[in-house]
$ cat query30.txt   # compact mmCIF, C-alpha atoms
# COMPACT_ATOMS: atom_id res chain seq x y z
CA MET Z 1 46.82 -61.55 26.66
CA GLN Z 2 44.93 -64.84 26.10
CA ASP Z 3 41.65 -63.25 27.24
CA ALA Z 4 42.16 -60.40 24.80
CA LEU Z 5 42.79 -62.87 21.95
CA VAL Z 6 39.63 -64.85 22.78
CA GLU Z 7 37.58 -61.64 22.91
CA LYS Z 8 38.94 -60.57 19.52
CA LEU Z 9 38.05 -63.96 17.97
CA MET Z 10 34.54 -63.80 19.39
CA ASP Z 11 34.01 -60.31 17.97
CA GLU Z 12 35.12 -61.55 14.57
CA VAL Z 13 32.69 -64.50 14.69
CA ILE Z 14 29.79 -62.25 15.69
CA ARG Z 15 30.64 -59.80 12.88
CA LYS Z 16 30.61 -62.58 10.26
CA MET Z 17 27.27 -63.89 11.58
CA GLY Z 18 25.63 -60.49 11.10
CA GLY Z 19 26.21 -58.93 14.47
CA SER Z 20 23.94 -58.92 17.53
CA GLU Z 21 21.81 -56.49 19.48
CA SER Z 22 24.84 -55.64 21.55
CA SER Z 23 26.94 -54.80 18.51
CA PRO Z 24 26.30 -51.29 17.18
CA ALA Z 25 25.72 -51.12 13.44
CA PRO Z 26 28.34 -49.15 11.55
CA ALA Z 27 27.28 -45.63 10.60
CA ALA Z 28 26.13 -45.22 7.03
CA SER Z 29 28.55 -43.44 4.80
CA PRO Z 30 27.38 -40.24 3.15
CA ALA Z 31 26.81 -42.16 -0.08
CA GLU Z 32 24.55 -44.66 1.71
CA LYS Z 33 22.29 -42.06 3.31
CA PRO Z 34 19.03 -41.40 1.46
CA ALA Z 35 19.19 -38.18 -0.46
CA ALA Z 36 17.04 -35.33 0.84
CA ARG Z 37 14.01 -34.74 -1.34
CA THR Z 38 14.23 -31.30 -2.85
CA THR Z 39 12.17 -29.75 -5.58
CA ALA Z 40 13.73 -27.04 -7.70
CA PRO Z 41 11.51 -24.17 -8.84
CA LYS Z 42 9.99 -24.80 -12.24
CA ALA Z 43 11.50 -22.97 -15.19
CA CYS Z 44 9.30 -20.44 -16.98
CA ASN Z 45 9.85 -19.67 -20.65
CA LEU Z 46 7.05 -17.13 -21.06
CA THR Z 47 8.21 -13.87 -22.60
CA GLU Z 48 6.28 -12.05 -19.87
CA PHE Z 49 8.35 -13.65 -17.10
CA VAL Z 50 11.25 -11.55 -15.77
CA GLY Z 51 12.32 -13.32 -12.60
CA THR Z 52 11.80 -13.98 -8.90
CA ALA Z 53 13.33 -12.75 -5.65
CA ILE Z 54 13.17 -12.98 -1.88
CA GLY Z 55 9.75 -12.69 -0.25
CA HIS Z 56 8.08 -14.97 -2.83
CA THR Z 57 8.38 -12.09 -5.27
CA VAL Z 58 7.67 -12.42 -8.98
CA GLY Z 59 8.49 -9.93 -11.74
CA LEU Z 60 6.49 -9.81 -14.98
CA VAL Z 61 6.16 -7.55 -18.01
CA ILE Z 62 3.39 -7.03 -20.57
CA ALA Z 63 4.71 -5.52 -23.79
CA ASN Z 64 1.35 -4.39 -25.22
CA VAL Z 65 -1.42 -3.99 -22.69
CA ASP Z 66 -4.85 -4.82 -24.05
CA PRO Z 67 -7.02 -1.67 -24.51
CA LEU Z 68 -9.74 -3.19 -22.33
CA LEU Z 69 -7.28 -3.57 -19.47
CA HIS Z 70 -6.04 -0.03 -20.03
CA GLU Z 71 -9.58 1.18 -19.48
CA GLN Z 72 -10.41 -0.97 -16.48
CA MET Z 73 -7.13 -0.23 -14.69
CA LYS Z 74 -7.32 3.47 -15.59
CA ILE Z 75 -3.85 3.41 -17.16
CA ASP Z 76 -2.87 6.26 -19.46
CA LYS Z 77 -2.87 4.81 -22.99
CA LYS Z 78 0.57 6.27 -23.66
CA TYR Z 79 1.95 3.51 -21.44
CA ARG Z 80 1.84 0.66 -23.93
CA SER Z 81 3.92 -1.56 -21.65
CA ILE Z 82 3.71 -2.29 -17.95
CA GLY Z 83 6.09 -3.96 -15.50
CA ILE Z 84 4.55 -5.85 -12.60
CA VAL Z 85 6.12 -6.80 -9.27
CA GLY Z 86 4.12 -8.80 -6.75
CA ALA Z 87 5.07 -10.45 -3.48
CA ARG Z 88 3.59 -12.44 -0.63
CA THR Z 89 5.94 -10.90 1.94
CA GLY Z 90 7.31 -7.38 1.93
CA ALA Z 91 6.04 -3.89 1.26
CA GLY Z 92 8.69 -1.44 2.37
CA PRO Z 93 11.51 -3.42 0.74
CA HIS Z 94 9.65 -3.51 -2.56
CA ILE Z 95 8.68 0.15 -2.54
CA PHE Z 96 12.20 1.29 -1.71
CA ALA Z 97 13.53 -1.05 -4.42
CA ALA Z 98 10.98 0.33 -6.88
CA ASP Z 99 12.13 3.83 -6.01
CA GLU Z 100 15.61 2.90 -7.21
CA ALA Z 101 14.07 1.46 -10.38
CA VAL Z 102 12.30 4.74 -11.14
CA LYS Z 103 15.58 6.61 -10.73
CA ALA Z 104 17.35 4.22 -13.10
CA THR Z 105 14.77 3.93 -15.89
CA ASN Z 106 12.38 5.92 -18.02
CA SER Z 107 9.32 4.54 -16.26
CA GLU Z 108 6.62 5.69 -13.88
CA VAL Z 109 4.98 3.97 -10.95
CA LEU Z 110 1.30 3.67 -11.78
CA LEU Z 111 0.07 1.64 -8.83
CA ILE Z 112 1.23 0.57 -5.38
CA GLU Z 113 -1.05 -1.57 -3.24
CA LEU Z 114 -0.33 -3.41 -0.01
CA PRO Z 115 -2.42 -6.57 0.32
CA ARG Z 116 -2.97 -8.05 3.77
CA ASP Z 117 -0.59 -10.99 3.62
CA THR Z 118 2.92 -11.85 4.89
CA GLU Z 119 1.83 -15.45 4.31
CA GLY Z 120 -0.08 -15.48 7.58
CA GLY Z 121 2.13 -13.04 9.47
CA GLY Z 122 1.38 -9.56 10.79
CA GLY Z 123 2.20 -7.48 7.72
CA HIS Z 124 1.76 -6.98 4.00
CA GLY Z 125 2.56 -8.32 0.60
CA SER Z 126 2.81 -5.91 -2.31
CA LEU Z 127 1.67 -5.15 -5.83
CA ILE Z 128 3.59 -2.56 -7.83
CA ILE Z 129 2.95 -1.65 -11.47
CA PHE Z 130 5.33 0.40 -13.62
CA GLY Z 131 4.24 2.10 -16.81
CA ALA Z 132 6.51 2.80 -19.79
CA GLU Z 133 6.14 3.72 -23.44
CA ASP Z 134 8.76 1.13 -24.38
CA VAL Z 135 8.77 -2.45 -23.15
CA SER Z 136 12.52 -2.35 -22.52
CA ASP Z 137 11.99 0.35 -19.87
CA ALA Z 138 9.19 -1.61 -18.21
CA ARG Z 139 11.31 -4.75 -18.13
CA ARG Z 140 14.34 -2.88 -16.83
CA ALA Z 141 12.27 -1.33 -14.03
CA VAL Z 142 11.23 -4.81 -12.90
CA GLU Z 143 14.79 -6.11 -13.17
CA VAL Z 144 16.16 -3.27 -11.03
CA THR Z 145 13.46 -3.80 -8.41
CA LEU Z 146 14.19 -7.53 -8.15
CA SER Z 147 17.94 -6.94 -7.93
CA GLU Z 148 17.53 -4.37 -5.13
CA LEU Z 149 15.44 -6.61 -2.89
CA ASP Z 150 18.36 -8.52 -1.41
CA ARG Z 151 19.62 -5.17 -0.09
CA THR Z 152 16.28 -3.71 1.03
CA PHE Z 153 15.43 -6.88 2.97
CA GLY Z 154 18.64 -6.34 4.97
CA ASP Z 155 16.91 -4.52 7.79
CA VAL Z 156 13.84 -6.73 7.92
CA TYR Z 157 13.80 -8.97 10.99
CA GLY Z 158 11.20 -11.65 11.59
CA THR Z 159 10.36 -14.22 14.25
CA PRO Z 160 7.23 -16.34 14.84
CA ALA Z 161 6.06 -13.55 17.16
CA GLY Z 162 6.29 -10.61 14.76
CA HIS Z 163 8.60 -8.52 12.64
CA LEU Z 164 10.60 -5.32 12.45
CA GLU Z 165 11.45 -3.33 9.35
CA PHE Z 166 13.65 -0.31 8.75
CA GLN Z 167 14.25 1.42 5.43
CA TYR Z 168 16.35 4.38 4.34
CA THR Z 169 17.17 6.32 1.21
CA ALA Z 170 19.33 9.39 0.82
CA ARG Z 171 17.09 10.72 -1.96
CA ALA Z 172 13.44 9.81 -2.21
CA SER Z 173 11.92 9.58 -5.67
CA TYR Z 174 8.47 9.04 -7.17
CA ALA Z 175 7.70 5.56 -5.84
CA LEU Z 176 8.21 6.65 -2.24
CA ASN Z 177 6.34 9.85 -2.90
CA LYS Z 178 3.39 7.94 -4.33
CA ALA Z 179 3.30 5.31 -1.57
CA PHE Z 180 4.25 7.33 1.49
CA GLY Z 181 4.19 11.01 0.54
CA ALA Z 182 7.97 11.22 0.89
CA PRO Z 183 9.38 14.65 -0.05
CA LEU Z 184 11.12 14.32 -3.41
CA GLY Z 185 14.90 14.51 -3.32
CA GLN Z 186 15.17 14.34 0.47
CA ALA Z 187 16.47 11.66 2.82
CA PHE Z 188 13.59 9.49 3.97
CA GLY Z 189 13.13 6.60 6.37
CA ILE Z 190 10.53 4.34 7.93
CA THR Z 191 10.27 2.19 11.04
CA VAL Z 192 7.83 -0.72 11.24
CA GLY Z 193 6.96 -2.90 14.20
CA SER Z 194 4.66 -5.90 14.56
CA PRO Z 195 2.80 -6.41 16.85
CA ALA Z 196 1.70 -2.80 16.43
CA ALA Z 197 2.55 -2.02 20.05
CA ILE Z 198 6.23 -2.39 19.19
CA GLY Z 199 5.77 -0.11 16.19
CA VAL Z 200 4.44 2.66 18.43
CA LEU Z 201 7.52 2.39 20.64
CA LEU Z 202 9.78 2.47 17.58
CA ALA Z 203 8.11 5.66 16.36
CA ASP Z 204 8.64 7.41 19.69
CA THR Z 205 12.24 6.21 19.89
CA ALA Z 206 13.03 7.46 16.38
CA ALA Z 207 11.41 10.85 17.01
CA LYS Z 208 13.43 11.35 20.19
CA ALA Z 209 16.74 10.10 18.79
CA ALA Z 210 17.28 12.78 16.14
CA THR Z 211 15.80 15.88 14.59
CA VAL Z 212 13.53 14.50 11.87
CA VAL Z 213 10.38 15.73 10.15
CA PRO Z 214 7.44 13.33 10.57
CA THR Z 215 5.52 12.76 7.34
CA GLY Z 216 3.07 10.10 8.50
CA PHE Z 217 2.04 7.43 10.97
CA ALA Z 218 0.06 4.29 10.10
CA SER Z 219 -1.63 1.89 12.52
CA PRO Z 220 -4.05 -1.03 12.08
CA GLY Z 221 -7.22 1.06 12.08
CA ASN Z 222 -6.22 4.37 10.51
CA GLY Z 223 -6.24 3.21 6.88
CA GLY Z 224 -2.49 3.08 6.42
CA THR Z 225 -1.73 -0.59 6.96
CA SER Z 226 -4.56 -2.66 5.38
CA TYR Z 227 -5.57 -3.50 8.96
CA SER Z 228 -2.35 -5.42 9.51
CA ASN Z 229 -0.97 -5.77 13.03
CA GLU Z 230 1.82 -3.21 12.73
CA ALA Z 231 2.55 0.47 13.23
CA ILE Z 232 4.64 2.48 10.76
CA PHE Z 233 6.41 5.80 11.29
CA LEU Z 234 7.48 7.83 8.23
CA PHE Z 235 9.94 10.71 8.39
CA SER Z 236 12.40 12.79 6.41
CA GLY Z 237 15.20 15.20 7.23
CA ASP Z 238 18.94 15.44 7.15
CA SER Z 239 20.54 12.20 5.95
CA GLY Z 240 22.54 11.68 9.14
CA ALA Z 241 19.54 12.41 11.36
CA VAL Z 242 17.31 9.96 9.50
CA ARG Z 243 19.92 7.22 9.83
CA GLN Z 244 20.44 7.98 13.53
CA ALA Z 245 16.69 7.78 14.20
CA ILE Z 246 16.42 4.44 12.41
CA ARG Z 247 19.40 2.90 14.20
CA ALA Z 248 18.07 3.92 17.61
CA ALA Z 249 14.67 2.43 16.83
CA ARG Z 250 16.27 -0.74 15.48
CA ASP Z 251 18.21 -1.33 18.70
CA VAL Z 252 15.07 -0.95 20.80
CA GLY Z 253 12.88 -3.04 18.51
CA LYS Z 254 15.21 -6.02 18.46
CA GLN Z 255 15.29 -6.09 22.25
CA VAL Z 256 11.51 -5.99 22.64
CA LEU Z 257 10.70 -8.45 19.84
CA GLY Z 258 13.22 -10.84 21.34
CA THR Z 259 11.14 -11.14 24.52
CA LEU Z 260 8.15 -12.64 22.67
CA ASP Z 261 9.76 -15.75 21.21
CA PRO Z 262 13.01 -17.67 21.76
CA ALA Z 263 13.91 -17.44 18.07
CA ALA Z 264 16.84 -15.15 17.31
CA VAL Z 265 16.01 -11.73 15.85
CA VAL Z 266 18.27 -11.71 12.79
CA SER Z 267 18.38 -9.92 9.45
CA SER Z 268 16.66 -11.49 6.46
CA THR Z 269 19.83 -10.86 4.41
CA LYS Z 270 22.46 -8.31 5.48
CA PRO Z 271 21.76 -5.01 7.29
CA TYR Z 272 22.47 -1.95 5.15
CA ILE Z 273 21.52 1.04 7.29

$ encode --input "query30.txt" --output "structure tokens"
Amino acid sequence: MQDALVEKLMDEVIRKMGGSESSPAPAASPAEKPAARTTAPKACNLTEFVGTAIGHTVGLVIANVDPLLHEQMKIDKKYRSIGIVGARTGAGPHIFAADEAVKATNSEVLLIELPRDTEGGGGHGSLIIFGAEDVSDARRAVEVTLSELDRTFGDVYGTPAGHLEFQYTARASYALNKAFGAPLGQAFGITVGSPAAIGVLLADTAAKAATVVPTGFASPGNGGTSYSNEAIFLFSGDSGAVRQAIRAARDVGKQVLGTLDPAAVVSSTKPYI
């Protein structure tokens, strides 16, 4: 008992003197910890600015396109207004989102280009331009595209070693027709794998898993992928068959991509197919 009392008194003396190397410092309370340095995105008050979305995506609108730009971009002069969607990462998600925008608005897709990007990864970014006679339609097309991206990124999976992408629609419209030659009004899907070797396996898996109608295949050197390190399989058919083909390819792709890097192969948002 006496030893315990002496030890307690000694601890109290050491505490009042500032502690010692043998006395652990008390943990800082949450209020005492330095705040993490975060920088919020800057606000933009330009009338041309519509918004941003996943994939470092920006949406813009030009109410009255300058006649000189009309001429240089070969835009029909009846389209006084254009909506613009551009992204560093994502091509399929943006095109499928734009397809929904075309269905929902009185606009037309004038241009779809896939720059070599993915911010250093194996795939694409995107540039999509909508044309409309009224600025409200152009703006609405951009808004719909941005709002759809959280869904269309649901079956995009990325790791430091590569990426997988799967997209599906029950009814293809003009954006998918323009970008991929998708039959209008039919169910349509794509499988994408990077490195391209995985994409080839995904294509074969999808073709064997269900009765689908191939509409295209893109690889690094055949002009369909901007020389990016991926292979893309495009197909249409019965809605159930297209979904079945995609799901089979997705299961295989996640297993193979997982062997290249210890990082987990997880959805960018929430799978939807």

$ atom_distance --input "query30.txt" --atom1 "CA of Gly189 in chain Z" --atom2 "CA of His56 in chain Z"
24.0 Å

$ atom_distance --input "query30.txt" --atom1 "CA of Ile129 in chain Z" --atom2 "CA of Ala53 in chain Z"
16.3 Å

$ closest_residue --input "query30.txt" --among "Z:Thr159, Z:Leu234, Z:Lys178, Z:Val213" --to "Pro262 in chain Z" --atoms "all atoms listed in the file"
Z:Thr159

$ residues_around --input "query30.txt" --residues "Asn45 in chain Z" --least-positions-apart "5" --cutoff "12 Å" --atoms "only C-alpha atoms" --output "number ranges by chain"
Z: 50-51, 60

$ closest_residue --input "query30.txt" --among "Z:Ser194, Z:Ser236, Z:Thr89, Z:Ser147" --to "Asn177 in chain Z" --atoms "all atoms listed in the file"
Z:Ser236

$ closest_atom_pairs --input "query30.txt" --of "range 83-136 of chain Z" --to "range 61-79 of chain Z" --cutoff "6 Å" --atoms "only C-alpha atoms" --output "CSV"
residue,atom,partner,partner_atom,distance
Z:Gly83,CA,Z:Val61,CA,4.4
Z:Ile84,CA,Z:Val61,CA,5.9
Z:Gly131,CA,Z:Tyr79,CA,5.4
Z:Ala132,CA,Z:Tyr79,CA,4.9
Z:Glu133,CA,Z:Tyr79,CA,4.6
Z:Val135,CA,Z:Ala63,CA,5.1

$ closest_residue --input "query30.txt" --among "Z:Gly162, Z:Gly90, Z:Pro183, Z:Gly125" --to "Thr215 in chain Z" --atoms "all atoms listed in the file"
Z:Pro183

$ closest_residue --input "query30.txt" --among "Z:Lys254, Z:Arg88, Z:Arg243, Z:Lys103" --to "Gly120 in chain Z" --atoms "only C-alpha atoms"
Z:Arg88

$ atom_distance --input "query30.txt" --atom1 "CA of Thr205 in chain Z" --atom2 "CA of Thr269 in chain Z"
24.3 Å

$ residues_around --input "query30.txt" --residues "Gly92 in chain Z" --least-positions-apart "5" --cutoff "9 Å" --atoms "all atoms listed in the file" --output "list of chain:residue names"
Z:Ala97, Z:Ser126, Z:Thr152, Z:Phe153, Z:Glu165, Z:Phe166, Z:Gln167, Z:Ile190, Z:Val192

$ write_last_selection --input "query30.txt" --atoms "C-alpha atoms" --output "PDB file, in the frame of the given file"
ATOM      1  CA  ALA Z  97      13.530  -1.050  -4.420  1.00  0.00           C
ATOM      2  CA  SER Z 126       2.810  -5.910  -2.310  1.00  0.00           C
ATOM      3  CA  THR Z 152      16.280  -3.710   1.030  1.00  0.00           C
ATOM      4  CA  PHE Z 153      15.430  -6.880   2.970  1.00  0.00           C
ATOM      5  CA  GLU Z 165      11.450  -3.330   9.350  1.00  0.00           C
ATOM      6  CA  PHE Z 166      13.650  -0.310   8.750  1.00  0.00           C
ATOM      7  CA  GLN Z 167      14.250   1.420   5.430  1.00  0.00           C
ATOM      8  CA  ILE Z 190      10.530   4.340   7.930  1.00  0.00           C
ATOM      9  CA  VAL Z 192       7.830  -0.720  11.240  1.00  0.00           C
TER      10      VAL Z 192
END

$ closest_residue --input "query30.txt" --among "Z:Val156, Z:Val200, Z:Leu184, Z:Ala170" --to "Val265 in chain Z" --atoms "only C-alpha atoms"
Z:Val156

$ residues_around --input "query30.txt" --residues "Asp238 in chain Z" --least-positions-apart "4" --cutoff "10 Å" --atoms "only C-alpha atoms" --output "PDB file with C-alpha atoms, in the coordinates of the input"
ATOM      1  CA  ALA Z 170      19.330   9.390   0.820  1.00  0.00           C
ATOM      2  CA  GLN Z 186      15.170  14.340   0.470  1.00  0.00           C
ATOM      3  CA  ALA Z 187      16.470  11.660   2.820  1.00  0.00           C
ATOM      4  CA  PHE Z 188      13.590   9.490   3.970  1.00  0.00           C
ATOM      5  CA  ALA Z 210      17.280  12.780  16.140  1.00  0.00           C
ATOM      6  CA  THR Z 211      15.800  15.880  14.590  1.00  0.00           C
ATOM      7  CA  VAL Z 212      13.530  14.500  11.870  1.00  0.00           C
ATOM      8  CA  VAL Z 213      10.380  15.730  10.150  1.00  0.00           C
ATOM      9  CA  VAL Z 242      17.310   9.960   9.500  1.00  0.00           C
ATOM     10  CA  ARG Z 243      19.920   7.220   9.830  1.00  0.00           C
ATOM     11  CA  GLN Z 244      20.440   7.980  13.530  1.00  0.00           C
TER      12      GLN Z 244
END

$ closest_residue --input "query30.txt" --among "Z:Val142, Z:Arg171, Z:Ala218, Z:Ala249" --to "Ala206 in chain Z" --atoms "all atoms listed in the file"
Z:Ala249

$ residues_near_point --input "query30.txt" --point "(11.4, -18.3, -4.1)" --cutoff "12 Å" --atoms "all atoms listed in the file" --output "ChimeraX atom specification"
/Z:39-42,51-59,87-89,146

$ residues_around --input "query30.txt" --residues "Ile112 in chain Z" --least-positions-apart "5" --cutoff "7 Å" --atoms "all atoms listed in the file" --output "list in words"
Leu127, Ile128, Ile129 and Ala179 of chain Z

$ residues_around --input "query30.txt" --residues "Ala101 in chain Z" --least-positions-apart "3" --cutoff "6 Å" --atoms "all atoms listed in the file" --output "PDB file with C-alpha atoms, in the coordinates of the input"
ATOM      1  CA  ALA Z  98      10.980   0.330  -6.880  1.00  0.00           C
ATOM      2  CA  ALA Z 104      17.350   4.220 -13.100  1.00  0.00           C
ATOM      3  CA  ALA Z 141      12.270  -1.330 -14.030  1.00  0.00           C
ATOM      4  CA  VAL Z 144      16.160  -3.270 -11.030  1.00  0.00           C
ATOM      5  CA  THR Z 145      13.460  -3.800  -8.410  1.00  0.00           C
TER       6      THR Z 145
END

$ axis_aligned_box --input "query30.txt" --around "range 179-189 of chain Z" --padding-each-side "5 Å" --output "lines of an AutoDock Vina configuration file"
center_x = 9.9
center_y = 10.0
center_z = 1.5
size_x = 23.2
size_y = 19.3
size_z = 19.8
